[in-house]
$ cat target00.txt   # compact mmCIF, C-alpha atoms
# COMPACT_ATOMS: atom_id res chain seq x y z
CA MET Q 6 -4.34 43.22 -10.57
CA GLN Q 7 -3.02 44.48 -7.29
CA ILE Q 8 0.20 42.91 -6.03
CA ASP Q 9 2.53 44.41 -3.47
CA PRO Q 10 6.19 43.39 -4.12
CA THR Q 11 6.74 42.42 -0.46
CA VAL Q 12 3.55 40.36 -0.51
CA LEU Q 13 4.67 38.65 -3.72
CA LEU Q 14 8.06 37.86 -2.17
CA THR Q 15 6.36 36.43 0.92
CA ILE Q 16 4.00 34.25 -1.14
CA LEU Q 17 6.83 32.99 -3.36
CA GLY Q 18 8.87 32.16 -0.25
CA MET Q 19 5.93 30.31 1.28
CA ALA Q 20 5.38 28.44 -2.00
CA LEU Q 21 9.03 27.46 -2.24
CA VAL Q 22 9.35 26.06 1.30
CA THR Q 23 5.99 24.30 0.99
CA TYR Q 24 6.96 22.61 -2.28
CA GLY Q 25 10.23 21.72 -0.59
CA THR Q 26 8.36 19.89 2.17
CA ARG Q 27 6.17 18.14 -0.42
CA VAL Q 28 9.06 16.72 -2.43
CA GLY Q 29 11.65 16.58 0.36
CA GLY Q 30 10.33 13.46 2.08
CA LEU Q 31 10.50 11.32 -1.05
CA TRP Q 32 13.86 12.85 -1.99
CA LEU Q 33 15.31 12.10 1.46
CA MET Q 34 13.94 8.57 1.61
CA ASP Q 35 16.01 7.79 -1.47
CA ARG Q 36 19.05 8.66 0.65
CA VAL Q 37 18.49 8.27 4.42
CA THR Q 38 16.21 6.69 7.00
CA LEU Q 39 14.59 8.95 9.61
CA SER Q 40 15.07 8.04 13.25
CA LYS Q 41 11.92 7.34 15.24
CA ARG Q 42 12.60 10.41 17.34
CA MET Q 43 12.83 12.69 14.30
CA GLU Q 44 9.54 11.32 13.03
CA ALA Q 45 7.96 11.96 16.43
CA TRP Q 46 9.30 15.52 16.51
CA LEU Q 47 7.86 16.32 13.07
CA SER Q 48 4.51 14.82 13.96
CA TYR Q 49 4.07 17.14 16.96
CA ILE Q 50 4.78 20.37 15.09
CA PRO Q 51 1.44 21.25 13.46
CA GLY Q 52 -0.38 20.90 16.81
CA THR Q 53 2.13 22.80 18.92
CA VAL Q 54 2.39 25.65 16.38
CA LEU Q 55 -1.40 26.07 16.44
CA VAL Q 56 -1.46 25.97 20.27
CA ALA Q 57 1.23 28.68 20.31
CA ILE Q 58 -0.91 30.86 18.02
CA ILE Q 59 -4.11 30.35 19.97
CA ALA Q 60 -2.97 30.66 23.61
CA PRO Q 61 -2.15 34.41 23.63
CA GLU Q 62 -5.31 35.17 21.62
CA ILE Q 63 -7.51 33.46 24.20
CA ILE Q 64 -5.86 35.36 27.07
CA LYS Q 65 -6.34 38.60 25.12
CA GLY Q 66 -10.02 37.81 24.53
CA GLY Q 67 -10.87 37.72 28.25
CA PRO Q 68 -13.78 35.68 29.68
CA ILE Q 69 -15.91 36.05 26.51
CA GLY Q 70 -13.04 34.87 24.37
CA ALA Q 71 -12.36 31.91 26.64
CA LEU Q 72 -16.02 30.86 26.63
CA ALA Q 73 -16.26 31.18 22.85
CA ALA Q 74 -13.01 29.22 22.48
CA LEU Q 75 -14.46 26.37 24.54
CA ALA Q 76 -17.71 26.36 22.52
CA THR Q 77 -15.76 26.39 19.23
CA ALA Q 78 -13.65 23.42 20.34
CA LEU Q 79 -16.73 21.44 21.42
CA VAL Q 80 -18.57 22.05 18.13
CA ALA Q 81 -15.45 21.20 16.12
CA ALA Q 82 -14.97 17.96 18.07
CA ARG Q 83 -18.64 16.95 17.71
CA SER Q 84 -19.29 17.94 14.10
CA GLY Q 85 -15.83 18.01 12.54
CA ASN Q 86 -17.14 20.99 10.57
CA LEU Q 87 -14.74 23.92 10.46
CA LEU Q 88 -17.25 26.40 9.11
CA LEU Q 89 -19.93 25.49 11.67
CA ALA Q 90 -17.42 25.71 14.53
CA MET Q 91 -16.31 29.13 13.36
CA ILE Q 92 -19.88 30.38 13.04
CA VAL Q 93 -20.71 29.22 16.59
CA GLY Q 94 -17.57 30.84 18.05
CA VAL Q 95 -18.02 34.14 16.23
CA GLY Q 96 -21.77 34.16 16.92
CA LEU Q 97 -21.15 33.66 20.62
CA VAL Q 98 -18.61 36.51 20.76
CA TRP Q 99 -21.00 38.77 18.85
CA SER Q 100 -24.05 37.98 21.00
CA LEU Q 101 -22.20 38.19 24.33
CA ARG Q 102 -20.60 41.50 23.37
CA THR Q 103 -23.99 42.84 22.31
CA LEU Q 104 -25.70 41.59 25.50
CA LEU Q 105 -23.00 42.87 27.82
CA GLY Q 106 -22.76 46.22 26.08
CA TRP Q 107 -19.61 45.94 23.96
CA VAL Q 108 -16.94 44.92 26.44
CA MET X 18 -2.92 12.83 10.65
CA ARG X 19 -1.70 9.68 12.34
CA LEU X 20 1.12 7.88 10.64
CA THR X 21 1.30 4.17 11.21
CA ASN X 22 3.42 1.42 9.76
CA LYS X 23 0.36 0.04 8.03
CA PRO X 24 0.92 1.55 4.57
CA MET X 25 4.51 0.32 4.62
CA ASP X 26 3.29 -3.20 5.27
CA ASN X 27 1.41 -3.02 1.99
CA ALA X 28 4.43 -1.84 0.05
CA PRO X 29 4.55 -3.31 -3.44
CA HIS X 30 6.94 -6.08 -4.36
CA ASN X 31 9.33 -5.32 -7.17
CA ASP X 32 7.60 -7.64 -9.60
CA GLU X 33 4.14 -6.07 -9.11
CA PRO X 34 3.10 -3.72 -11.91
CA LEU X 35 2.56 -0.06 -11.00
CA SER X 36 0.68 2.09 -13.47
CA PHE X 37 0.38 5.84 -13.92
CA ASN X 38 -2.30 6.78 -16.44
CA LEU X 39 -5.58 8.59 -17.10
CA SER X 40 -7.76 5.94 -15.48
CA GLY X 41 -5.84 6.53 -12.24
CA VAL X 42 -6.33 10.29 -12.56
CA TRP X 43 -10.05 9.74 -13.16
CA ALA X 44 -10.40 7.44 -10.14
CA GLY X 45 -8.78 10.15 -8.01
CA VAL X 46 -11.16 12.78 -9.39
CA LYS X 47 -14.27 10.71 -8.70
CA GLN X 48 -13.34 9.64 -5.19
CA SER X 49 -12.41 13.14 -4.07
CA ILE X 50 -15.91 14.63 -4.34
CA PRO X 51 -16.74 14.22 -0.61
CA ILE X 52 -13.49 15.74 0.64
CA ASN X 53 -13.94 18.65 -1.74
CA ILE X 54 -17.15 19.72 -0.07
CA GLY X 55 -15.06 20.31 3.05
CA VAL X 56 -12.20 21.87 1.09
CA PHE X 57 -14.61 24.30 -0.57
CA THR X 58 -16.13 25.63 2.67
CA TYR X 59 -12.67 25.87 4.16
CA GLY X 60 -11.54 27.86 1.10
CA LEU X 61 -14.49 30.24 1.46
CA VAL X 62 -13.42 30.97 5.03
CA PHE X 63 -9.85 31.51 3.85
CA GLY X 64 -10.99 33.99 1.20
CA ILE X 65 -13.06 35.95 3.72
CA LEU X 66 -10.19 36.09 6.22
CA ALA X 67 -7.69 36.99 3.47
CA ARG X 68 -9.75 40.06 2.72
CA GLN X 69 -9.77 41.04 6.40
CA ALA X 70 -6.01 40.58 6.56
CA GLY X 71 -5.69 43.05 3.69
CA LEU X 72 -4.79 40.76 0.77
CA SER X 73 -6.06 41.75 -2.67
CA LEU X 74 -8.02 39.25 -4.77
CA THR X 75 -4.95 38.58 -6.93
CA GLU X 76 -2.73 38.10 -3.87
CA SER X 77 -5.25 35.72 -2.27
CA LEU X 78 -5.49 33.64 -5.46
CA LEU X 79 -1.72 33.60 -5.86
CA MET X 80 -1.28 32.32 -2.31
CA SER X 81 -3.92 29.59 -2.70
CA GLY X 82 -2.59 28.58 -6.11
CA LEU X 83 1.13 28.60 -5.36
CA VAL X 84 1.28 27.63 -1.67
CA PHE X 85 -1.83 25.41 -1.78
CA ALA X 86 -1.65 24.34 1.88
CA GLY X 87 -4.58 25.35 4.07
CA ALA X 88 -3.24 25.27 7.62
CA SER X 89 -0.10 27.23 6.72
CA GLN X 90 -2.11 29.79 4.75
CA PHE X 91 -4.40 30.43 7.72
CA THR X 92 -1.34 30.69 9.94
CA ALA X 93 0.23 33.21 7.55
CA LEU X 94 -2.92 35.36 7.71
CA GLY X 95 -2.60 35.35 11.50
CA LEU X 96 0.89 36.83 11.06
CA TRP X 97 -0.21 39.30 8.37
CA VAL X 98 0.52 42.70 9.97
CA ALA X 99 2.26 45.81 8.61
CA PRO X 100 5.20 45.86 8.20
CA LEU X 101 4.97 42.32 6.88
CA PRO X 102 7.20 39.93 8.89
CA VAL X 103 8.38 38.15 5.73
CA LEU X 104 10.92 35.82 7.31
CA THR X 105 8.66 34.87 10.23
CA ILE X 106 5.83 34.00 7.84
CA ILE X 107 8.08 31.87 5.61
CA LEU X 108 9.69 30.06 8.56
CA THR X 109 6.33 29.43 10.19
CA THR X 110 4.99 28.11 6.88
CA LEU X 111 7.93 25.72 6.77
CA LEU X 112 7.24 24.56 10.34
CA VAL X 113 3.51 24.08 9.78
CA ASN X 114 4.15 22.10 6.59
CA LEU X 115 6.93 19.87 7.88
CA ARG X 116 4.35 17.10 8.21
CA LEU X 117 4.30 16.93 4.38
CA LEU X 118 7.88 15.61 4.57
CA LEU X 119 6.64 12.58 6.46
CA MET X 120 3.71 12.05 4.12
CA GLY X 121 6.01 12.21 1.10
CA ALA X 122 8.38 9.77 2.79
CA VAL X 123 5.55 7.28 3.29
CA LEU X 124 4.81 7.39 -0.47
CA HIS X 125 8.36 6.26 -1.23
CA PRO X 126 7.71 2.54 -1.89
CA TRP X 127 5.39 3.47 -4.80
CA PHE X 128 6.65 6.83 -5.99
CA SER X 129 10.29 5.80 -6.16
CA ARG X 130 9.26 3.82 -9.24
CA LEU X 131 7.84 6.83 -11.10
CA ASN X 132 9.82 9.04 -13.46
CA PHE X 133 11.02 12.53 -12.55
CA PHE X 134 8.00 14.44 -13.91
CA GLN X 135 5.41 12.00 -12.58
CA ARG X 136 6.91 12.30 -9.10
CA TYR X 137 7.50 16.00 -8.83
CA VAL X 138 4.33 17.19 -10.57
CA SER X 139 2.13 14.83 -8.50
CA LEU X 140 3.76 15.93 -5.26
CA PHE X 141 2.88 19.58 -5.84
CA PHE X 142 -0.76 18.49 -5.41
CA MET X 143 -0.22 16.42 -2.26
CA THR X 144 -2.46 17.57 0.61
CA ASP X 145 -3.46 15.79 3.83
CA GLU X 146 -6.76 14.72 2.26
CA SER X 147 -5.46 13.52 -1.11
CA TRP X 148 -2.54 11.75 0.52
CA ALA X 149 -4.88 9.89 2.90
CA LEU X 150 -7.16 8.86 0.03
CA THR X 151 -4.18 7.71 -2.03
CA MET X 152 -2.75 5.64 0.83
CA SER X 153 -6.12 3.95 1.29
CA GLN X 154 -6.09 3.06 -2.43
CA PHE X 155 -2.62 1.53 -2.15
CA ALA X 156 -3.68 -0.33 1.00
CA LYS X 157 -6.58 -1.83 -0.97
CA GLY X 158 -4.12 -3.16 -3.50
CA LYS X 159 -4.83 -0.61 -6.25
CA ARG X 160 -1.64 0.13 -8.11
CA ASN X 161 -2.29 3.33 -10.04
CA ALA X 162 -0.02 6.08 -8.71
CA ALA X 163 -1.80 8.76 -10.79
CA PHE X 164 -4.61 8.67 -8.21
CA LEU X 165 -2.84 11.34 -6.12
CA LEU X 166 -2.61 13.66 -9.14
CA GLY X 167 -6.33 13.27 -9.96
CA SER X 168 -7.41 13.81 -6.37
CA GLY X 169 -5.00 16.72 -5.94
CA LEU X 170 -6.21 18.48 -9.09
CA THR X 171 -9.83 18.49 -7.87
CA VAL X 172 -8.77 19.78 -4.44
CA PHE X 173 -6.74 22.49 -6.20
CA VAL X 174 -9.77 23.64 -8.22
CA ALA X 175 -12.05 23.61 -5.15
CA TRP X 176 -9.52 25.45 -2.98
CA THR X 177 -8.62 28.23 -5.42
CA SER X 178 -12.18 28.87 -6.67
CA ALA X 179 -13.51 29.01 -3.09
CA THR X 180 -10.71 31.43 -2.18
CA GLY X 181 -11.76 33.75 -4.99
CA ILE X 182 -15.45 33.57 -4.06
CA GLY X 183 -14.77 34.06 -0.34
CA ARG X 184 -12.46 36.99 -1.04
CA THR X 185 -15.19 38.60 -3.15
CA ILE X 186 -18.10 37.87 -0.78
CA GLY X 187 -15.96 39.09 2.11
CA SER X 188 -16.29 42.60 0.76
CA VAL X 189 -19.85 42.61 2.08
CA LEU X 190 -18.50 42.63 5.65
CA GLN X 191 -17.85 46.16 6.86
CA ASP X 192 -16.81 46.24 10.53
CA PRO X 193 -15.51 42.79 11.50
CA SER X 194 -15.13 43.37 15.25
CA ARG X 195 -18.76 44.52 15.69
CA LEU X 196 -19.85 41.13 14.38
CA GLY X 197 -17.27 39.30 16.48
CA LEU X 198 -15.28 38.48 13.35
CA ASP X 199 -12.00 39.42 15.03
CA PHE X 200 -12.51 36.08 16.78
CA ALA X 201 -12.80 34.23 13.45
CA PHE X 202 -9.05 33.56 13.21
CA THR X 203 -8.90 32.12 16.70
CA ALA X 204 -12.03 30.03 16.04
CA VAL X 205 -10.59 28.54 12.85
CA PHE X 206 -7.30 27.70 14.55
CA ILE X 207 -9.12 26.06 17.45
CA ALA X 208 -11.20 23.95 15.06
CA LEU X 209 -8.05 22.95 13.14
CA LEU X 210 -6.32 22.09 16.40
CA VAL X 211 -9.19 19.83 17.50
CA GLY X 212 -8.71 17.93 14.24
CA LEU X 213 -5.02 17.45 15.04
CA TRP X 214 -5.68 15.82 18.42
CA LYS X 215 -4.20 12.32 18.41
CA GLY X 216 -4.42 11.36 22.08
CA LYS X 217 -2.93 11.78 25.55
CA ALA X 218 0.60 12.05 24.16
CA ASP X 219 -0.36 15.51 22.89
CA ILE X 220 -1.24 16.91 26.33
CA LEU X 221 2.27 17.77 27.58
CA PRO X 222 3.63 19.12 24.27
CA TRP X 223 0.53 21.31 23.87
CA ILE X 224 0.74 22.63 27.46
CA VAL X 225 4.44 23.42 27.00
CA ALA X 226 3.69 25.13 23.67
CA ALA X 227 1.00 27.28 25.31
CA ILE X 228 3.16 28.29 28.31
CA VAL X 229 6.24 29.10 26.20
CA ALA X 230 4.09 31.05 23.72
CA LEU X 231 2.51 33.10 26.51
CA ILE X 232 5.90 33.90 28.06
CA ALA X 233 7.46 34.70 24.67
CA ALA X 234 4.52 36.93 23.72
CA GLN X 235 5.35 39.01 26.82
CA TRP X 236 9.06 39.34 26.16
CA LEU X 237 9.68 39.06 22.41
CA PRO X 238 8.60 41.41 19.62
CA GLY X 239 6.24 40.50 16.79
CA LYS X 240 5.08 36.96 16.32
CA TRP X 241 8.19 35.04 17.36
CA TYR X 242 6.17 33.49 20.18
CA ILE X 243 4.63 31.14 17.60
CA LEU X 244 7.99 29.68 16.59
CA CYS X 245 9.14 29.53 20.24
CA GLY X 246 6.00 27.78 21.47
CA GLY X 247 5.79 25.48 18.45
CA LEU X 248 9.40 24.36 18.71
CA ALA X 249 9.45 23.99 22.52
CA GLY X 250 6.29 21.89 22.58
CA SER X 251 7.29 19.61 19.70
CA LEU X 252 10.78 19.06 21.13
CA ILE X 253 9.25 18.03 24.47
CA GLY X 254 7.06 15.61 22.54
CA ALA X 255 10.09 14.16 20.74
CA LEU X 256 12.15 13.89 23.95
CA ARG X 257 9.49 11.68 25.49
CA HIS X 258 10.08 9.21 22.68
CA ALA X 259 13.35 8.31 24.39
CA ASP X 260 13.41 4.72 23.12
$ encode --input "target00.txt" --output "structure tokens"
Amino acid sequence: MQIDPTVLLTILGMALVTYGTRVGGLWLMDRVTLSKRMEAWLSYIPGTVLVAIIAPEIIKGGPIGALAALATALVAARSGNLLLAMIVGVGLVWSLRTLLGWV
Amino acid sequence: MRLTNKPMDNAPHNDEPLSFNLSGVWAGVKQSIPINIGVFTYGLVFGILARQAGLSLTESLLMSGLVFAGASQFTALGLWVAPLPVLTIILTTLLVNLRLLLMGAVLHPWFSRLNFFQRYVSLFFMTDESWALTMSQFAKGKRNAAFLLGSGLTVFVAWTSATGIGRTIGSVLQDPSRLGLDFAFTAVFIALLVGLWKGKADILPWIVAAIVALIAAQWLPGKWYILCGGLAGSLIGALRHAD
């Protein structure tokens, strides 16, 4: 058993807000009706948050990172398999770094 | 996940019976086997990455068991640096999981007829996958609302057990960057993003999110660029729905 108090606090906070989003929609629908624009806003958030995470990482990764990112996206789109896409991306980074002498 | 008006069109009439019992739970269990193969591999990856981020086995299991929301857990690992940005992680988790609000809202025509415990216990187990399966059941005219609970319980078992196994197996990996594993986070996020693609309407919001994130990463400390990019892009998307 190894739990850091700050980590525990973070996890409990994450759990609380997540459960809030799970029950909040049903709870709200008993009381209000969402506008179309609010619905649209919510629907864009998962994608834009992920884009915001990825963009700086790709720039940081240089040409190898960019190439591996493209390959990962293609495999994910074709196969729909998260694990396979990750293996291809990581494998490409590993092999290119090895070939080009650890850039 | 695309939300349409379709499920609403199949909303039950007040005189139609709605059940919530063990046969509904069992139907949910049986029909969730295919999605759980995916959930399990995804959980393995999470466990491996949780180890790299520095989470103990107990902490990893606690997160998977209590938060139980894949995309936000991966996102949290991406933010997992010392000192831990507690507020940023919690706020980002909220943003990533806001879609669950919509999914819960869509369940309203059926779930509003359940009692307090049936509603709020079932909803703890609502994930993208189980929700989609449940909606397809309702659309087919099945009227057992315990389906979500059955499906969700199996996903919960697959997700938490895979987290534990991945976290344990991950200990085999010694130097992640030599094997290119520092790219694993980015690769997982890219694959998740591909799955979120809904069509041309995403292009502008995603470009705005990327540009704002890149600028914010230059000028702001820590990981605030994620919230900045995520909010800017999604607001642009919403503004275009001017009608």
$ residues_around --input "target00.txt" --residues "Phe63 in chain X" --least-positions-apart "3" --cutoff "7 Å" --atoms "only C-alpha atoms" --output "number ranges by chain"
X: 59-60, 66-67, 91, 180, 183
$ closest_atom_pairs --input "target00.txt" --of "range 37-74 of chain Q" --to "range 206-218 of chain X" --cutoff "9 Å" --atoms "all atoms listed in the file" --output "CSV"
residue,atom,partner,partner_atom,distance
Q:Pro51,CA,X:Leu213,CA,7.7
Q:Gly52,CA,X:Leu213,CA,6.0
Q:Thr53,CA,X:Leu210,CA,8.8
Q:Leu55,CA,X:Leu210,CA,6.3
Q:Val56,CA,X:Leu210,CA,7.3
Q:Ile58,CA,X:Phe206,CA,7.9
Q:Ile59,CA,X:Phe206,CA,6.8
Q:Ala74,CA,X:Ile207,CA,7.1
$ write_last_selection --input "target00.txt" --atoms "C-alpha atoms" --output "compact mmCIF listing (two decimals), keeping the file's coordinate frame"
# COMPACT_ATOMS: atom_id res chain seq x y z
CA PRO Q 51 1.44 21.25 13.46
CA GLY Q 52 -0.38 20.90 16.81
CA THR Q 53 2.13 22.80 18.92
CA LEU Q 55 -1.40 26.07 16.44
CA VAL Q 56 -1.46 25.97 20.27
CA ILE Q 58 -0.91 30.86 18.02
CA ILE Q 59 -4.11 30.35 19.97
CA ALA Q 74 -13.01 29.22 22.48
$ closest_residue --input "target00.txt" --among "X:Trp97, X:Phe200, X:Phe133, X:Trp127" --to "chain Q" --atoms "all atoms listed in the file"
X:Phe200
$ closest_atom_pairs --input "target00.txt" --of "chain Q" --to "chain X" --cutoff "7 Å" --atoms "all atoms listed in the file" --output "CSV"
residue,atom,partner,partner_atom,distance
Q:Met6,CA,X:Thr75,CA,5.9
Q:Gln7,CA,X:Ser73,CA,6.2
Q:Ile8,CA,X:Glu76,CA,6.0
Q:Thr15,CA,X:Val103,CA,5.5
Q:Ile16,CA,X:Met80,CA,5.7
Q:Gly18,CA,X:Ile107,CA,5.9
Q:Met19,CA,X:Ile107,CA,5.1
Q:Ala20,CA,X:Val84,CA,4.2
Q:Val22,CA,X:Leu111,CA,5.7
Q:Thr23,CA,X:Leu111,CA,6.3
Q:Tyr24,CA,X:Phe141,CA,6.2
Q:Thr26,CA,X:Leu118,CA,4.9
Q:Arg27,CA,X:Leu117,CA,5.3
Q:Val28,CA,X:Leu140,CA,6.1
Q:Gly29,CA,X:Leu118,CA,5.7
Q:Gly30,CA,X:Leu118,CA,4.1
Q:Leu31,CA,X:Ala122,CA,4.7
Q:Met34,CA,X:Ala122,CA,5.8
Q:Arg42,CA,X:Ala255,CA,5.7
Q:Ala45,CA,X:Ala255,CA,5.3
Q:Trp46,CA,X:Ala255,CA,4.5
Q:Leu47,CA,X:Arg116,CA,6.0
Q:Ser48,CA,X:Arg116,CA,6.2
Q:Tyr49,CA,X:Ser251,CA,4.9
Q:Ile50,CA,X:Ser251,CA,5.3
Q:Pro51,CA,X:Val113,CA,5.1
Q:Gly52,CA,X:Leu213,CA,6.0
Q:Thr53,CA,X:Gly247,CA,4.6
Q:Val54,CA,X:Gly247,CA,4.0
Q:Leu55,CA,X:Leu210,CA,6.3
Q:Val56,CA,X:Ala227,CA,5.8
Q:Ala57,CA,X:Gly246,CA,5.0
Q:Ile58,CA,X:Ile243,CA,5.6
Q:Ile59,CA,X:Thr203,CA,6.1
Q:Ala60,CA,X:Ala227,CA,5.5
Q:Pro61,CA,X:Leu231,CA,5.6
Q:Glu62,CA,X:Thr203,CA,6.8
Q:Ala74,CA,X:Ala204,CA,6.6
Q:Thr77,CA,X:Ala204,CA,6.1
Q:Ala78,CA,X:Ala208,CA,5.8
Q:Ala81,CA,X:Ala208,CA,5.2
Q:Ala82,CA,X:Val211,CA,6.1
Q:Leu87,CA,X:Ala208,CA,5.8
Q:Leu88,CA,X:Thr58,CA,6.6
Q:Ala90,CA,X:Ala208,CA,6.5
Q:Met91,CA,X:Ala204,CA,5.1
Q:Gly94,CA,X:Ala204,CA,5.9
Q:Val95,CA,X:Gly197,CA,5.2
Q:Gly96,CA,X:Gly197,CA,6.8
Q:Val98,CA,X:Gly197,CA,5.3
Q:Trp99,CA,X:Gly197,CA,4.5
$ residues_around --input "target00.txt" --residues "range 36-53 of chain X" --least-positions-apart "4" --cutoff "10 Å" --atoms "all atoms listed in the file" --output "PDB file with C-alpha atoms, keeping the file's coordinate frame"
ATOM      1  CA  PHE X  57     -14.610  24.300  -0.570  1.00  0.00           C
ATOM      2  CA  THR X  58     -16.130  25.630   2.670  1.00  0.00           C
ATOM      3  CA  TYR X  59     -12.670  25.870   4.160  1.00  0.00           C
ATOM      4  CA  GLY X  60     -11.540  27.860   1.100  1.00  0.00           C
ATOM      5  CA  TRP X 127       5.390   3.470  -4.800  1.00  0.00           C
ATOM      6  CA  ARG X 130       9.260   3.820  -9.240  1.00  0.00           C
ATOM      7  CA  LEU X 131       7.840   6.830 -11.100  1.00  0.00           C
ATOM      8  CA  ASN X 132       9.820   9.040 -13.460  1.00  0.00           C
ATOM      9  CA  GLN X 135       5.410  12.000 -12.580  1.00  0.00           C
ATOM     10  CA  GLU X 146      -6.760  14.720   2.260  1.00  0.00           C
ATOM     11  CA  SER X 147      -5.460  13.520  -1.110  1.00  0.00           C
ATOM     12  CA  LEU X 150      -7.160   8.860   0.030  1.00  0.00           C
ATOM     13  CA  THR X 151      -4.180   7.710  -2.030  1.00  0.00           C
ATOM     14  CA  GLN X 154      -6.090   3.060  -2.430  1.00  0.00           C
ATOM     15  CA  LYS X 159      -4.830  -0.610  -6.250  1.00  0.00           C
ATOM     16  CA  ARG X 160      -1.640   0.130  -8.110  1.00  0.00           C
ATOM     17  CA  ASN X 161      -2.290   3.330 -10.040  1.00  0.00           C
ATOM     18  CA  ALA X 162      -0.020   6.080  -8.710  1.00  0.00           C
ATOM     19  CA  ALA X 163      -1.800   8.760 -10.790  1.00  0.00           C
ATOM     20  CA  PHE X 164      -4.610   8.670  -8.210  1.00  0.00           C
ATOM     21  CA  LEU X 165      -2.840  11.340  -6.120  1.00  0.00           C
ATOM     22  CA  LEU X 166      -2.610  13.660  -9.140  1.00  0.00           C
ATOM     23  CA  GLY X 167      -6.330  13.270  -9.960  1.00  0.00           C
ATOM     24  CA  SER X 168      -7.410  13.810  -6.370  1.00  0.00           C
ATOM     25  CA  GLY X 169      -5.000  16.720  -5.940  1.00  0.00           C
ATOM     26  CA  LEU X 170      -6.210  18.480  -9.090  1.00  0.00           C
ATOM     27  CA  THR X 171      -9.830  18.490  -7.870  1.00  0.00           C
ATOM     28  CA  VAL X 172      -8.770  19.780  -4.440  1.00  0.00           C
ATOM     29  CA  PHE X 173      -6.740  22.490  -6.200  1.00  0.00           C
ATOM     30  CA  VAL X 174      -9.770  23.640  -8.220  1.00  0.00           C
ATOM     31  CA  ALA X 175     -12.050  23.610  -5.150  1.00  0.00           C
ATOM     32  CA  TRP X 176      -9.520  25.450  -2.980  1.00  0.00           C
TER      33      TRP X 176
END
$ atom_distance --input "target00.txt" --atom1 "CA of Arg83 in chain Q" --atom2 "CA of Gly181 in chain X"
29.1 Å
$ closest_residue --input "target00.txt" --among "Q:Val37, Q:Leu89, Q:Gly70, Q:Val80" --to "Arg102 in chain Q" --atoms "all atoms listed in the file"
Q:Gly70
$ atom_distance --input "target00.txt" --atom1 "CA of Ile65 in chain X" --atom2 "CA of Leu94 in chain X"
10.9 Å
$ atom_distance --input "target00.txt" --atom1 "CA of Ala73 in chain Q" --atom2 "CA of Leu101 in chain Q"
9.3 Å
$ closest_residue --input "target00.txt" --among "X:Ile220, X:Ala149, X:Leu237, X:Leu78" --to "Ser178 in chain X" --atoms "only C-alpha atoms"
X:Leu78
